[in-house]
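First the structure, in the form of structure tokens, and then the observations on it.
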Amino acid sequence: MYVETVALRKRQEAELEVPEMKMLRFSLSLMGMERTRNELQELHQRASLCFYHVCLCRFDYQELLHNSSFCLVPRGRRLGSFRFLEALQAACIPVILSNGWELPFSEVIDWRKAAIIGDERLLLQVPSITRSVGRDRILALRQQTQFLWDAYFSSVAKIVLTTLEIIRDRVESHVSRNHLLWNSLPGGLFALPQFSADPAQFPFYYAILGKSPSQQFTAVIHTVTPLQSQVSPVVKLIIAVAKSKFCAQVVVLWNCDRPLPPRNKWPSTSVPLTVIEGQTKTMSSRFSPHDIITTDAVLSLDEDSVLSTNEVDFAFIVWQSFPERIVGYPARSHYWDSSRSRWGYTSKWTNDYSMVLTGAAFYHRYYHYLFTHYIPASLLTMVDHMANCEDILMNFLVSAVTKQPPIKVTQKKQYKETMMGQGSKASRWADPDHFAQRQTCMNAFSQWLGFMPLVHSQMRLDPVLFRDQVSILRKKYRDIERL
């Protein structure tokens with residue numbers, strides 16, 4: 001009986017040995033060197049340590065991670081494993097080998113789109129499982145790891161904020177985010193459910209849902225100077241925009257210190273014309289989420305913008321293909337000033353740009369809500385105090401959300417230069433401190449985000465046959481070339 005018990009115990013110990021231990025025992029037995037289990041464990045630890053140091057000497061660990069498609073994530077000593085976050089950061093697909101481990105934020109994150117869940121009892125099957133993953137799925141998994149890392153795990157602040165938002169979704173379940181918002185770009189932290197619980201109301205999910213933005217836009221004209229006469233620039237702008245076949249309504253935001261002009265002073269248009277008097281009359285109020293704006297697209301305009309109906313129509317057609325971005329005319333750029341160790345702002349006409357000013361640009365109405373409720377009050381106060389930089393701040397916000405540059409469309413070069421040459425003393429573009437303030441804003445906004453979100457681009461979209469030597473009758477937007 002005793003012999004059978006000892007034999008059974010040895011058989012159980014042998015089954016509990018890891019494959020490396022079995023191989024080590026087999027190799028030593030071939031050499032005629034019998035060792036006890038404790039001695040084998042010590043030899044195994046020494047061999048593993050030596051192998052670890054050899055790898056560190058011969059290879060760069062971070063380089064190995066970034067060049068690998070799959071990274072093993074075994075069970076850690078505590079609730080999780082720091083190897084998991086290392087793999088996410090390196091865009092390496094985690095292969096989870098920890099049965100019963102609850103992955104972080106699994107309540108809202110679908111980890112099947114970013115990781116492979118293995119069984120630690122079936123280690124020998126891991127190579128065949130990873131080899132069976134196709135290239136397209138490998139690419140999709142790696143892209144998802146990058147998205148999840150950047151959206152929820154790249155800083156302590158994001159981890160804490162994600163935790164708080166999950167708790168908030170539990171409490172306010174009637175306005176909580178669904179799994180699509182948490183698991184698709186730009187992520188749950190940028191998709192505020194207070195705006196809408198329907199993903200189709202956001203500009204980021206049209207392609208996933210197979211939908212398109214609405215076929216009309218609302219023009220919002222920011223006005224800060226008095227209405228002098230029927231030949232004022234703002235009157236000409238209203239008439240040109242209202243003629244667009246895509247225009248649903250024109251909204252004039254009256255932020256002028258003078259009293260609101262009577263209705264008969266405004267031009268008659270074929271679309272509804274609404275004049276809203278600003279409550280605070282501040283620069284940031286031009287991006288307030290007014291209930292009267294019901295179309296997906298918003299055409300943001302300064303009162304001194306000079307645009308034709310053809311330019312408006314073409315820009316809107318382009319925006320419908322890129323509803324998550326800013327699409328417009330006046331472009332600006334940023335650069336790193338190494339002599340001053342700070343970011344710089346330039347308005348030079350070049351082929352390179354990173355911002356499209358909202359003085360004449362299309363964007364989705366959701367950005368009004370995000371601008372008002374996401375950006376810290378201190379930055380909004382800064383913008384209002386200087387009466388400047390609200391357009392730069394909107395570009396920072398949209399680029400931080402989309403990780404993409406805006407889109408510049410064809411324009412005449414007299415966009416701002418025309419109005420500045422007319423000697424408008426009330427125009428903020430004539431202020432000598434205007435440019436210096438915008439330099440300051442660039443650095444304040446990047447400091448808020450902790451990085452520079454603006455992305456350079458050299459793409460400009462022109463109408464088909466633009467500037468081509470063919471008959472003008474063959475061109476759809478023929479008036480643009482005459483400007």
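Chain labels A, B, ... are given in the sequence in which chains occur in the structure tokens; within each chain residues are numbered consecutively from 1, and ligands are likewise numbered from 1 in the order shown.
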
(request) Enumerate as a ChimeraX atom specification all residues of stretch 90-133 of chain A assigned to strand (DSSP E or B) by DSSP on the backbone, naming them with the chain letters and numbers the document uses. (result) /A:93-97,116-117

Could you write out the selected residues, including N, CA, C and O atoms, as a compact mmCIF listing (two decimals), in the first residue's frame?
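Result went into result-v2.txt, see below:
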# COMPACT_ATOMS: atom_id res chain seq x y z
N ILE A 93 0.18 42.19 -30.42
CA ILE A 93 -1.07 41.54 -30.03
C ILE A 93 -0.85 40.69 -28.79
O ILE A 93 -0.06 39.73 -28.82
N PRO A 94 -1.51 40.99 -27.68
CA PRO A 94 -1.31 40.18 -26.47
C PRO A 94 -1.95 38.80 -26.62
O PRO A 94 -3.10 38.67 -27.06
N VAL A 95 -1.18 37.78 -26.25
CA VAL A 95 -1.71 36.41 -26.18
C VAL A 95 -1.85 36.10 -24.70
O VAL A 95 -0.86 35.80 -24.01
N ILE A 96 -3.06 36.18 -24.19
CA ILE A 96 -3.32 36.08 -22.76
C ILE A 96 -3.26 34.62 -22.33
O ILE A 96 -4.01 33.78 -22.85
N LEU A 97 -2.38 34.31 -21.40
CA LEU A 97 -2.25 32.96 -20.85
C LEU A 97 -2.46 33.03 -19.34
O LEU A 97 -1.54 32.87 -18.55
N ILE A 116 -5.66 37.86 -28.15
CA ILE A 116 -6.00 36.44 -28.31
C ILE A 116 -6.00 35.81 -26.92
O ILE A 116 -5.01 35.90 -26.20
N ILE A 117 -7.12 35.26 -26.56
CA ILE A 117 -7.27 34.65 -25.24
C ILE A 117 -6.92 33.18 -25.34
O ILE A 117 -7.63 32.40 -25.98

(message) Applying 8 Å and only C-alpha atoms, which residues near A:Asn178 remain after dropping the ones on its own chain fewer than 2 positions away? List them as number ranges by chain.
(response) A: 108, 176, 180-182, 197

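Using only C-alpha atoms for every distance, the candidate list A:Leu260, A:Leu397, A:Val126, A:Leu454 yields A:Leu454 as the residue closest to A:Ser354.
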
(request) Provide the atom CA of A:Gln439 to atom CA of A:Asp384 distance in Å, to one decimal place. (result)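 Value for the atom CA of A:Gln439-atom CA of A:Asp384 distance: 16.0 Å.
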
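Taking atom CA of A:Arg340 and atom CA of A:Cys441 as endpoints, the distance between them is 15.2 Å.
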
(request) Using backbone DSSP assignments, extract all helix (DSSP H, G or I) residues from stretch 172-274 of chain A; output them as a VMD selection string. (result) chain A and resid 173 to 175 179 to 183 199 to 201 206 to 209 233 to 242 263 to 265
